[in-house]
Every structure is written in structure tokens, then in C-alpha cells.
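Working notes, structure below.
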Amino acid sequence: MSAALVAGLVAGYGIAIPVGAIGVYLVELTARTSWRVGAAAAMGVATADGVYAVLATTGGAALAPLLAPLTTPLRLTSAVALLVLAAWTAVLAIHRYRSAETPLLATEPHPLRAYATLLGLTLLNPSTIIYFTALVLGDRPADGTVFAAAAFAASASWQLLLAVGGALLGRGLTGPRGRLGTALLSSAVILVLAVRLF
């Protein structure tokens, strides 16, 4: 059991720590809204990682050949979703700046919406299922449930740490220009990461 626990923690941190478009968006979302919204979004990312860890441990070997033909369409769908997210973030930030909206909380998304959005975006990422499947095929853990739970816990702790960073960043950048700058920077980073998927 302890081997599966350690393997799951390592796998969870392995997929979560490299900050990509989702991590950048999570920090930016928390910075411009609130800790509550950011934490819900973080749990959406962790849930997707947990789902993929469960799928990999229960049927990784059977799923790998089935997912191979879908890798390119999933990657392209993910790229398009990220492009839309980058554009939406930039347009919304410019609109807020021009209209001199100061209370961000007036337009704050509901935590369930943030959770569902980040869950969906993370589920679109085919590299996560390929990552977990490759790990499980390489060294099948004796206890798949412990492995998946540990991977979820590791991902959740990292995503929540990113949300904390976003909340601290948000407190430091409360002015309209600071919010506009962080939103546009986030949008640019997401755009670059999306273009790399094509």
C-alpha cells in the first residue's frame, strides 16, 4: 500500500507541477476574483487528474490503443479551447478597464462554474491520460485505488497552492492597471501555449 501511495503522490505532482496554460489561468482567475473561486477551479483540475488516474489504473492497457487515434483531435480541440479562453480573458480585461469597473466581485463567476470550466479544460488535455497510462503500464501499482487517491491529493495540493499564489497576487494588484496587466499577460501566455499545440 505504501508503494502505491508514494507512486500516486509522485505521479500526481509529476503531472501537476509543470505549470502550463491551465495553471496560468488558475492563478490569473484567482487573482482577479477570489480565493473561493480559485479553490473551486483548482479542485476542478485535480478532479480531472483523479479521473484520469482512475481510468489509467482500471483500464490503462485497454484504453491506450483506443485513445491513440483521438490524440490529434483532442489536442486540436484543446488548442482551440485555449485560444478562446485567451481571447475571452483579454477582451473581458480590456472591457473592465475601459468601463472603470472597480469591484471585481460584482462579476465574479460562481465557484461551481469555475470548477466545471477547469474540469472541462483539463479533461480535454490528452497528455494527462497518456501520462497516467504510461506510468501504470510501466509499473502497475498493487493498489490502484490508493494510487489514484494519492495522485488526486497531490494534484489538489499543488493546484490549491497555485490558487493561494493567485490570491496573494490579487491582493498586491488591486488597481485597474494591475488587473489589466495580469489578465493580458495571462492571455498572452495561454495563447503561446495554445499555438504550441497546433
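Convention: chains lettered A, B, ... in C-alpha cells order; per-chain residue numbering from 1; ligands numbered from 1 as shown.
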Just want the 12 Å neighbourhood of A:Val80, counted on only C-alpha atoms, with same-chain residues fewer than 5 positions away dropped. Output as a ChimeraX atom specification. /A:73-75,85-87,121,124-125,190-191,193-198
Let's have the selection written as a CSV table (one decimal), in the first residue's frame, with all heavy atoms.
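This is the output file result.csv:
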```csv
chain,number,residue,atom,x,y,z
A,73,PRO,N,-7.2,14.9,-32.6
A,73,PRO,CA,-8.4,15.7,-32.5
A,73,PRO,C,-8.5,16.3,-31.1
A,73,PRO,O,-8.9,17.5,-30.9
A,73,PRO,CB,-9.6,14.7,-32.7
A,73,PRO,CG,-9.0,13.6,-33.5
A,73,PRO,CD,-7.5,13.5,-33.1
A,74,LEU,N,-8.1,15.6,-30.0
A,74,LEU,CA,-8.2,16.1,-28.7
A,74,LEU,C,-7.2,17.2,-28.5
A,74,LEU,O,-7.5,18.2,-27.9
A,74,LEU,CB,-7.9,15.0,-27.7
A,74,LEU,CG,-9.1,14.0,-27.4
A,74,LEU,CD1,-8.6,12.9,-26.4
A,74,LEU,CD2,-10.3,14.8,-26.7
A,75,ARG,N,-6.0,17.1,-29.1
A,75,ARG,CA,-5.0,18.1,-29.0
A,75,ARG,C,-5.5,19.4,-29.7
A,75,ARG,O,-5.4,20.5,-29.1
A,75,ARG,CB,-3.7,17.7,-29.5
A,75,ARG,CG,-2.5,18.6,-29.2
A,75,ARG,CD,-1.2,18.2,-29.8
A,75,ARG,NE,-1.2,18.4,-31.3
A,75,ARG,CZ,-1.2,17.4,-32.2
A,75,ARG,NH1,-1.1,16.2,-31.8
A,75,ARG,NH2,-1.2,17.7,-33.5
A,85,LEU,N,-10.2,30.8,-24.6
A,85,LEU,CA,-10.0,31.3,-23.3
A,85,LEU,C,-9.1,32.5,-23.2
A,85,LEU,O,-9.3,33.4,-22.5
A,85,LEU,CB,-9.4,30.1,-22.4
A,85,LEU,CG,-9.1,30.4,-21.0
A,85,LEU,CD1,-10.4,30.7,-20.2
A,85,LEU,CD2,-8.4,29.2,-20.3
A,86,ALA,N,-8.0,32.4,-24.0
A,86,ALA,CA,-7.1,33.6,-24.1
A,86,ALA,C,-7.8,34.8,-24.6
A,86,ALA,O,-7.6,35.9,-24.0
A,86,ALA,CB,-5.9,33.2,-24.9
A,87,ALA,N,-8.5,34.7,-25.7
A,87,ALA,CA,-9.3,35.8,-26.2
A,87,ALA,C,-10.3,36.4,-25.2
A,87,ALA,O,-10.4,37.6,-25.0
A,87,ALA,CB,-9.9,35.4,-27.5
A,121,LEU,N,-11.7,21.9,-19.2
A,121,LEU,CA,-10.4,22.2,-19.9
A,121,LEU,C,-9.3,21.2,-19.7
A,121,LEU,O,-8.6,20.8,-20.6
A,121,LEU,CB,-9.9,23.6,-19.5
A,121,LEU,CG,-10.7,24.8,-20.1
A,121,LEU,CD1,-10.2,26.1,-19.5
A,121,LEU,CD2,-10.5,24.8,-21.6
A,124,LEU,N,-9.9,17.9,-21.5
A,124,LEU,CA,-9.6,18.0,-22.9
A,124,LEU,C,-8.1,17.7,-23.2
A,124,LEU,O,-7.7,17.5,-24.3
A,124,LEU,CB,-9.9,19.4,-23.5
A,124,LEU,CG,-11.4,19.7,-23.7
A,124,LEU,CD1,-11.5,21.1,-24.1
A,124,LEU,CD2,-11.9,18.7,-24.8
A,125,ASN,N,-7.3,17.7,-22.1
A,125,ASN,CA,-5.9,17.5,-22.3
A,125,ASN,C,-5.5,16.0,-22.5
A,125,ASN,O,-5.4,15.3,-21.5
A,125,ASN,CB,-5.1,18.1,-21.1
A,125,ASN,CG,-3.6,18.1,-21.3
A,125,ASN,OD1,-3.1,17.7,-22.3
A,125,ASN,ND2,-2.9,18.7,-20.3
A,190,ILE,N,-1.3,32.0,-22.3
A,190,ILE,CA,-2.2,30.9,-22.7
A,190,ILE,C,-2.2,30.8,-24.3
A,190,ILE,O,-2.2,29.7,-24.8
A,190,ILE,CB,-3.6,31.2,-22.2
A,190,ILE,CG1,-3.6,31.0,-20.7
A,190,ILE,CG2,-4.6,30.2,-22.8
A,190,ILE,CD1,-4.9,31.5,-20.0
A,191,LEU,N,-2.2,32.0,-24.9
A,191,LEU,CA,-2.1,32.0,-26.4
A,191,LEU,C,-0.9,31.3,-26.9
A,191,LEU,O,-1.0,30.4,-27.8
A,191,LEU,CB,-2.1,33.4,-26.9
A,191,LEU,CG,-2.1,33.7,-28.4
A,191,LEU,CD1,-3.3,33.1,-29.1
A,191,LEU,CD2,-1.9,35.1,-28.7
A,193,LEU,N,0.9,29.0,-25.4
A,193,LEU,CA,0.8,27.5,-25.1
A,193,LEU,C,-0.2,26.9,-26.1
A,193,LEU,O,0.0,25.7,-26.5
A,193,LEU,CB,0.4,27.3,-23.7
A,193,LEU,CG,1.5,27.7,-22.6
A,193,LEU,CD1,0.9,27.8,-21.2
A,193,LEU,CD2,2.7,26.8,-22.7
A,194,ALA,N,-1.3,27.6,-26.4
A,194,ALA,CA,-2.3,27.0,-27.3
A,194,ALA,C,-1.7,26.9,-28.7
A,194,ALA,O,-1.9,25.8,-29.4
A,194,ALA,CB,-3.5,27.9,-27.4
A,195,VAL,N,-0.9,27.8,-29.2
A,195,VAL,CA,-0.3,27.8,-30.5
A,195,VAL,C,0.7,26.6,-30.6
A,195,VAL,O,0.8,25.9,-31.6
A,195,VAL,CB,0.4,29.1,-30.9
A,195,VAL,CG1,1.3,29.0,-32.1
A,195,VAL,CG2,-0.6,30.2,-31.1
A,196,ARG,N,1.4,26.3,-29.5
A,196,ARG,CA,2.3,25.2,-29.5
A,196,ARG,C,1.6,23.8,-29.7
A,196,ARG,O,2.2,22.9,-30.0
A,196,ARG,CB,3.1,25.2,-28.1
A,196,ARG,CG,4.1,26.3,-28.1
A,196,ARG,CD,4.9,26.3,-26.8
A,196,ARG,NE,5.5,25.0,-26.5
A,196,ARG,CZ,5.8,24.6,-25.3
A,196,ARG,NH1,5.6,25.3,-24.2
A,196,ARG,NH2,6.4,23.4,-25.1
A,197,LEU,N,0.3,23.8,-29.4
A,197,LEU,CA,-0.4,22.5,-29.5
A,197,LEU,C,-0.8,22.2,-31.0
A,197,LEU,O,-1.1,21.1,-31.3
A,197,LEU,CB,-1.7,22.6,-28.7
A,197,LEU,CG,-1.6,22.5,-27.2
A,197,LEU,CD1,-2.9,22.6,-26.5
A,197,LEU,CD2,-1.0,21.1,-26.8
A,198,PHE,N,-0.7,23.2,-31.9
A,198,PHE,CA,-1.0,23.0,-33.3
A,198,PHE,C,0.1,22.3,-34.0
A,198,PHE,O,1.2,22.4,-33.7
A,198,PHE,CB,-1.4,24.3,-34.0
A,198,PHE,CG,-2.8,24.8,-33.7
A,198,PHE,CD1,-3.0,25.9,-32.9
A,198,PHE,CD2,-3.9,24.1,-34.2
A,198,PHE,CE1,-4.2,26.4,-32.6
A,198,PHE,CE2,-5.2,24.6,-33.9
A,198,PHE,CZ,-5.3,25.7,-33.1
```
Find, counting only C-alpha atoms, the residue in A:Leu123, A:Leu169, A:Leu112, A:Ala151 that gets nearest to A:Ile15.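 Ranking A:Leu123, A:Leu169, A:Leu112, A:Ala151 by distance to A:Ile15, first place goes to A:Ala151.
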Just the number, please: distance in Å from atom CA of A:Val91 to atom CA of A:Pro109, one decimal.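 Distance reported for this atom pair: 16.0 Å.
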Quick one, how far is atom CA of A:Arg36 from atom CA of A:Gly23?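 Pair atom CA of A:Arg36 / atom CA of A:Gly23 returns 16.3 Å.
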Spatial neighbours of A:Gly38, 10 Å, only C-alpha atoms, chain gap at least 2 places, as an MDAnalysis selection string: chainID A and resid 25:36 40:44 111 114:115 159:160 162:167
Nearest to A:Ser155 among A:Ala21, A:Ala4, A:Val45, A:Leu82, with distances taken over only C-alpha atoms: which residue is it?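 Ranking A:Ala21, A:Ala4, A:Val45, A:Leu82 by distance to A:Ser155, first place goes to A:Val45.
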Would you mind listing what lies within 8 Å of A:Val10 as number ranges by chain, with only C-alpha atoms counted and same-chain residues fewer than 3 positions away left out? A: 6-7, 13-14, 151, 154
Those residues with N, CA, C and O atoms, as a PDB file, in the first residue's frame please?
```pdb
ATOM      1  N   VAL A   6       3.105   6.243  -2.488  1.00  0.00           N
ATOM      2  CA  VAL A   6       4.235   7.054  -2.944  1.00  0.00           C
ATOM      3  C   VAL A   6       4.191   7.223  -4.462  1.00  0.00           C
ATOM      4  O   VAL A   6       4.388   8.327  -4.983  1.00  0.00           O
ATOM      5  N   ALA A   7       3.891   6.136  -5.188  1.00  0.00           N
ATOM      6  CA  ALA A   7       3.808   6.208  -6.653  1.00  0.00           C
ATOM      7  C   ALA A   7       2.717   7.182  -7.083  1.00  0.00           C
ATOM      8  O   ALA A   7       2.893   7.955  -8.024  1.00  0.00           O
ATOM      9  N   TYR A  13       2.093  14.823  -8.512  1.00  0.00           N
ATOM     10  CA  TYR A  13       2.927  16.021  -8.586  1.00  0.00           C
ATOM     11  C   TYR A  13       3.605  16.126  -9.948  1.00  0.00           C
ATOM     12  O   TYR A  13       3.799  17.219 -10.467  1.00  0.00           O
ATOM     13  N   GLY A  14       3.945  14.986 -10.528  1.00  0.00           N
ATOM     14  CA  GLY A  14       4.597  14.983 -11.834  1.00  0.00           C
ATOM     15  C   GLY A  14       3.748  15.610 -12.916  1.00  0.00           C
ATOM     16  O   GLY A  14       4.252  16.317 -13.795  1.00  0.00           O
ATOM     17  N   ALA A 151      -2.664  10.359  -6.249  1.00  0.00           N
ATOM     18  CA  ALA A 151      -2.446  11.249  -7.391  1.00  0.00           C
ATOM     19  C   ALA A 151      -3.399  12.442  -7.319  1.00  0.00           C
ATOM     20  O   ALA A 151      -3.000  13.592  -7.573  1.00  0.00           O
ATOM     21  N   ALA A 154      -2.198  14.806  -4.488  1.00  0.00           N
ATOM     22  CA  ALA A 154      -1.014  15.578  -4.893  1.00  0.00           C
ATOM     23  C   ALA A 154      -1.408  16.696  -5.842  1.00  0.00           C
ATOM     24  O   ALA A 154      -0.988  17.852  -5.675  1.00  0.00           O
TER      25      ALA A 154
END
```
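Relative to atom CA of A:Ala48, atom CA of A:Thr77 is found at 16.5 Å.
Using only C-alpha atoms, the smallest distance between any of A:Ser2, A:Gly8, A:Ala81, A:Thr89 and A:Ala188 comes from A:Thr89.
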So, with only C-alpha atoms as the atoms that count, which of A:Ser99, A:Thr128, A:Ala90, A:Ser157 lies closest to A:Leu180?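 Result for the nearest residue to A:Leu180: A:Ala90.
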Between A:Val24, A:Thr47, A:Ala93, A:Thr58, which residue has the minimum interatomic distance to A:Val192, considering only C-alpha atoms?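 The shortest atom-to-atom distance to A:Val192 comes from A:Val24.
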